[in-house]
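Enquirer: This is the structure, below, for whatever I ask next.
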Amino acid sequence: MLRLLVAALVNLVLLLGAVLRAPAHLLRRRRGPTYVRFVLKGDPPYREPLQRRWPWRRERHGAGQVVSLHLLDQALDALAADPAVKGIVLQVEALEMPAGKRAWIAERLAAFRARGKEVVGTAVSAGNGEYALLCAADRIALPRAGRLELSGFLVEATAAGRAFEQLGIRPEFVRRGEHKTAPELFIRAEVSPNQRAALEQFLEERHAELVDAVARGRRLSPEEARARVDQGPYSATRARALGLVDLIADDVELPAAIGLDADENRALAGTAGIGTLRDLERARRWPHVSWMAWRRPTRLAVIPVSGMIAQAPSGAPPVGPTIAGSETLVAGLRAAAQDRSSPAAVLYVNSPGGSALASELVLAEVSRLAARKPVIAYVDRVAASGGYMIALGAKEIWASPGSILGSIGVFAGKFDLSELLSRVGVHREVLTRGDHAGLLTSARPLSTPERDALEAEVDEVYGRFVELVSEHRNLAPEAVRARGEGRVYTADRAQEAGLVDTLGSFEAACARAFALAGRSPRRFELRPFGLPRRRLPLLSLLRNALAPATYALWWPRGLRGGRGLGFPLPVRLLAAILLLVAGCVTAPRTTPTEAYLAALERNDLDTAWSLTSTQYRQTTDRAAFEARLADPGARAAHVARVRAALADAAPELLDVPPPTGQPAEAVQALVRAARAGDFADAWRWLAAPERARYTPERLARDFQSALGTGERLSRALAAVERPGQTVGTETRWPLTTGGAVRVVLEDGQPRVAALE
């Protein structure tokens, strides 16, 4: 009753205002435009969120700018029924919207054209995304100085592992999922075959979509359309000559170019020819009035999950990626559950993932909300790793064509900064109480027990991820693992794999949410929950990052030209720097030794042979290699020896020959090998902690690049000619520089622990 009373009073005021404005309106009234201009730029929302609009509120957007896709759809319906309107002019500028939105707009334009109206598309500079949408128009116009940047897609995959190595930063990571390529930015010197294959597939699909849009829109064969894409970019003149655009005209020339006569074309006055919706409203006999509805539209709760998931409030730091904080999302989901005005909810997911712990906290709250009212998860960009985990709690998962889903996998680890700190003269000593207390310290590498503990944690988190997918998607765990391993899918392939229920538009997903609630409202409005209330301070982000975490994260590599797949390289590197500073968990690595040992453990002698050094394969018969390791006991013993001796190095030989002799002879043998350039032999004389830090190649670089190396070796040789000081298993020769040459006994054999 109160609503009716308020609506009656407001509408009465609006009516009186319209009556008072009517004389002036009639005096200024002119003939309306025959073409209505719409400016589509950036990434307008599907619908504007719930907010009160007053008649005197100033418009925040430019003339003709599309505020939301819902309002554009309403305007097209109204214009299609207006006999005085011949069509629309759609001006596109720097689109950032996903492929699903562009496809939906193209469908609405096709329906508009089917009702006898014309669509004229125009742009100043059109890239792949803009041109794919313009191909849905009847005619395309560019100004004479315009450009058609139709040149296909480019992906730049970066592997910065060698840069980290040269900086003295050693990533130590554990992952589950051989296709989990997010950490490879830090750990690989080259792009992995798995990452290359995934990116090639995305490129092929994006390119095929573009070629199909050009072929359908410009009435070309697929071969001709592909040739046009391959021959770009184009000037406006060349584009017209090849039939890619129809008109060469700017804003002033466009009315005459599309056939408006001189009397009709008064576009500069904004009252005829080409104008905006506002111009069309001013031409009506009666002033336009936005009446207040007698009944409130049905509300639909919307919870956006946008950005990298973390245990923090949601927000955007001054630099770096946007954070989807579990604190804000959990509070928003609980508020949506308590909201009686919204019978259903849509979980809008646009996240590459993040903290596995934060993702599962949000998932639990999504499941609680879904137990109280229907929840549809909708994806139009990316829902990968932790982002996909969150979507599992919804009743159904919907996705738009071209979106990215999946990446079921996890990783954890740290960056070892000990070498970098040593290079800059910083000494850090780690004192602990507890076998795993130093698990995530950056001052030293992982010990064997710590790595085992990290492996166990990642195993447990990955198993939990598989269990959640199996439970919510009604798939057997074996089927989930077959679809997992970090694999990413486009929406159509995800649906085939059973990871997505339906492909469709945002409006269709909203209708489905209402249908599950037993409602079918003619009008509805969105009520958002869990929106960030403030910018996230950088120090707050770092404090939250200090907590240990296991990550379910996929960092997509940006597709240049398509304006819309993933974070650009500067953002990813900035995130890496934040993770470095915070000392938090980020990425995995599989070393050659680990691959060699894994091959032996599964009795894959072909792979194991390929991972031995070239020197070993040249001096050893393969049959002898296989015969020696054919016995399971001998193979297990060899694995144990290599694991203890080689640590992070590549397997230079089948076994590490144990050094023999007295402590002084070990130093002399190492110096002789280093001076002869045989660093594989020199490396074998190092103590186990040093062998874990070095490979023969890295040892060679350090010896060859360090200043005073020859003098240091000479001092070491001179020192061991004197009697040393033996305490326990260590022998020391003090040096005048303040250091000492140290040799330790390992399994009764002398190994060099320090030369100064």
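The chains in the structure tokens are called A, B, ... from first to last as shown; in each chain the residues are counted from 1, and the ligands are counted from 1 in the order shown.
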Could you give me, as a PyMOL selection string, the residues within 8 Å of range 134-150 of chain A, counting only C-alpha atoms and dropping anything in the same chain fewer than 6 positions from it?

Expert: chain A and resi 92+106+109-110+118-128+213-214+216-218+229+232-237+239+244-251+254

Enquirer: Which residues are close to range 464-470 of chain A, i.e. within 7 Å by only C-alpha atoms, leaving aside same-chain residues fewer than 5 positions away? Reply as a PyMOL selection string.

Expert: chain A and resi 392+475-477+480-481

Enquirer: Using N, CA, C and O atoms, can you export the residues from the last selection as a compact mmCIF listing (two decimals), in the first residue's frame?

Expert:
# COMPACT_ATOMS: atom_id res chain seq x y z
N LEU A 392 31.44 -24.22 -8.41
CA LEU A 392 30.88 -25.55 -8.17
C LEU A 392 29.69 -25.53 -7.22
O LEU A 392 28.83 -26.41 -7.27
N LEU A 475 30.64 -36.63 -11.28
CA LEU A 475 31.63 -37.34 -12.07
C LEU A 475 32.45 -38.24 -11.16
O LEU A 475 32.69 -37.91 -9.99
N ALA A 476 32.88 -39.36 -11.68
CA ALA A 476 33.76 -40.24 -10.91
C ALA A 476 35.11 -39.55 -10.71
O ALA A 476 35.56 -38.79 -11.57
N PRO A 477 35.77 -39.80 -9.56
CA PRO A 477 37.08 -39.17 -9.34
C PRO A 477 38.07 -39.42 -10.47
O PRO A 477 38.85 -38.53 -10.83
N VAL A 480 37.33 -37.06 -13.20
CA VAL A 480 37.77 -35.70 -12.87
C VAL A 480 39.28 -35.57 -13.09
O VAL A 480 39.75 -34.57 -13.64
N ARG A 481 40.02 -36.56 -12.65
CA ARG A 481 41.48 -36.50 -12.84
C ARG A 481 41.84 -36.49 -14.33
O ARG A 481 42.80 -35.84 -14.74

Enquirer: Nearest to Gly100 in chain A: which of A:Gly387, A:Pro532, A:Gly710, A:Gly504 is it, counting only C-alpha atoms?

Expert: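 Distance minimum relative to Gly100 in chain A lands on A:Gly504.
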
Enquirer: Determine which residues of range 293-459 of chain A DSSP labels as helix (DSSP H, G or I) from the backbone of this structure, then write them out as JSON, numbers by chain.

Expert: {"A": [326, 327, 328, 329, 330, 331, 332, 333, 334, 335, 336, 337, 338, 356, 357, 358, 359, 360, 361, 362, 363, 364, 365, 366, 367, 368, 369, 370, 371, 372, 386, 387, 388, 389, 390, 391, 418, 419, 420, 421, 422, 423, 448, 449, 450, 451, 452, 453, 454, 455, 456, 457, 458, 459]}

Enquirer: Neighbouring residues of Arg170 in chain A were defined as those with any atom within 12 Å, considering only C-alpha atoms; residues of the same chain fewer than 6 positions away were excluded. Please report them as a PyMOL selection string.

Expert: chain A and resi 160-164+186-188+413-421+442-446+580+587-589+591+648+692-694

Enquirer: Which of these, A:Gly393, A:Gly87, A:Pro632, A:Gly275, has the shortest distance to Leu369 in chain A once you count only C-alpha atoms?

Expert: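 Nearest to Leu369 in chain A: A:Gly393.
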
Enquirer: Can you work out which one of A:Ala132, A:Ser520, A:Ala312, A:Thr612 has the shortest atom-to-atom distance to Ser355 in chain A, counting only C-alpha atoms?

Expert: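 Nearest to Ser355 in chain A: A:Ala312.
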
Enquirer: Residues of range 350-575 of chain A in strand (DSSP E) according to DSSP, as a PyMOL selection string?

Expert: chain A and resi 350-351+353-355+375-384+396-399+404-406+410-416+488-490+502-503+524-528+551-553+559-560

Enquirer: Provide the CA of Leu686 in chain A to CA of Val752 in chain A distance in Å, to one decimal place.

Expert: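 Separation between CA of Leu686 in chain A and CA of Val752 in chain A: 4.8 Å.
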
Enquirer: Which of these, A:Ala412, A:Val366, A:Pro44, A:Gln338, has the shortest distance to His70 in chain A once you count only C-alpha atoms?

Expert: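 The shortest atom-to-atom distance to His70 in chain A comes from A:Pro44.
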
Enquirer: Just the residues within 12 Å of Arg712 in chain A, please, counting only C-alpha atoms, with nothing from its chain fewer than 4 positions along; format it as a JSON list (two decimals) with C-alpha atoms, in the first residue's frame.

Expert:
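The result, stored in around_35.json:
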[["chain", "number", "residue", "atom", "x", "y", "z"],
["A", 671, "VAL", "CA", 91.19, -27.23, -7.89],
["A", 674, "ALA", "CA", 88.33, -26.39, -12.04],
["A", 675, "ARG", "CA", 91.56, -25.16, -13.62],
["A", 703, "PHE", "CA", 84.08, -19.74, -11.34],
["A", 706, "ALA", "CA", 83.85, -14.26, -10.13],
["A", 707, "LEU", "CA", 86.75, -11.84, -9.67],
["A", 708, "GLY", "CA", 89.93, -13.28, -8.10],
["A", 716, "ALA", "CA", 93.31, -22.97, -1.02],
["A", 717, "LEU", "CA", 96.15, -25.12, -2.44],
["A", 718, "ALA", "CA", 98.73, -23.35, -0.26],
["A", 719, "ALA", "CA", 96.57, -23.76, 2.84],
["A", 735, "LEU", "CA", 93.15, -18.44, 5.93],
["A", 736, "THR", "CA", 94.66, -15.00, 6.50],
["A", 737, "THR", "CA", 91.54, -13.48, 4.90],
["A", 739, "GLY", "CA", 87.82, -17.55, 6.16],
["A", 740, "ALA", "CA", 88.82, -21.19, 6.00],
["A", 741, "VAL", "CA", 89.08, -24.12, 3.63],
["A", 754, "ALA", "CA", 84.24, -24.28, 1.42],
["A", 755, "LEU", "CA", 87.36, -22.87, -0.27],
["A", 756, "GLU", "CA", 87.52, -19.67, 1.80]]

Enquirer: Distance CA of Glu450 in chain A-CA of Thr432 in chain A, one decimal place?

Expert: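 Value for the CA of Glu450 in chain A-CA of Thr432 in chain A distance: 12.8 Å.
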
Enquirer: Report, in Å to a single decimal, how far apart CA of Leu516 in chain A and CA of Ala344 in chain A are.

Expert: 8.0 Å

Enquirer: I'd like to know which of A:Ser422, A:Ser714, A:Ser400, A:Thr502 is closest to Asn350 in chain A, using only C-alpha atoms.

Expert: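 So, comparing all the options, the nearest one is A:Ser400.
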
Enquirer: Skipping near chain neighbours, those fewer than 3 positions away, what residues fall within 6 Å of range 327-329 of chain A using only C-alpha atoms, listed as a PyMOL selection string?

Expert: chain A and resi 312-314+332+530

Enquirer: Rank A:Val36, A:Ala371, A:Leu454, A:Val720 by their smallest atom-to-atom distance to Thr276 in chain A, using only C-alpha atoms, and report the top residue only.

Expert: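 Ranked by minimum distance to Thr276 in chain A, first place goes to A:Val36.
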
Enquirer: Excluding Arg523 in chain A and residues on its chain fewer than 4 positions from it, collect all residues at most 9 Å away from it, counting only C-alpha atoms, and give them as a tab-separated table (two decimals) with N, CA, C and O atoms, in the first residue's frame.

Expert:
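That gives us around_37.tsv:
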chain	number	residue	atom	x	y	z
A	297	PRO	N	9.95	-3.83	-9.29
A	297	PRO	CA	10.39	-4.98	-10.09
A	297	PRO	C	10.99	-6.07	-9.20
A	297	PRO	O	11.55	-5.78	-8.14
A	298	THR	N	10.85	-7.29	-9.64
A	298	THR	CA	11.46	-8.40	-8.91
A	298	THR	C	12.97	-8.23	-8.90
A	298	THR	O	13.57	-7.83	-9.90
A	299	ARG	N	13.57	-8.54	-7.78
A	299	ARG	CA	15.01	-8.37	-7.66
A	299	ARG	C	15.73	-9.70	-7.83
A	299	ARG	O	15.23	-10.76	-7.44
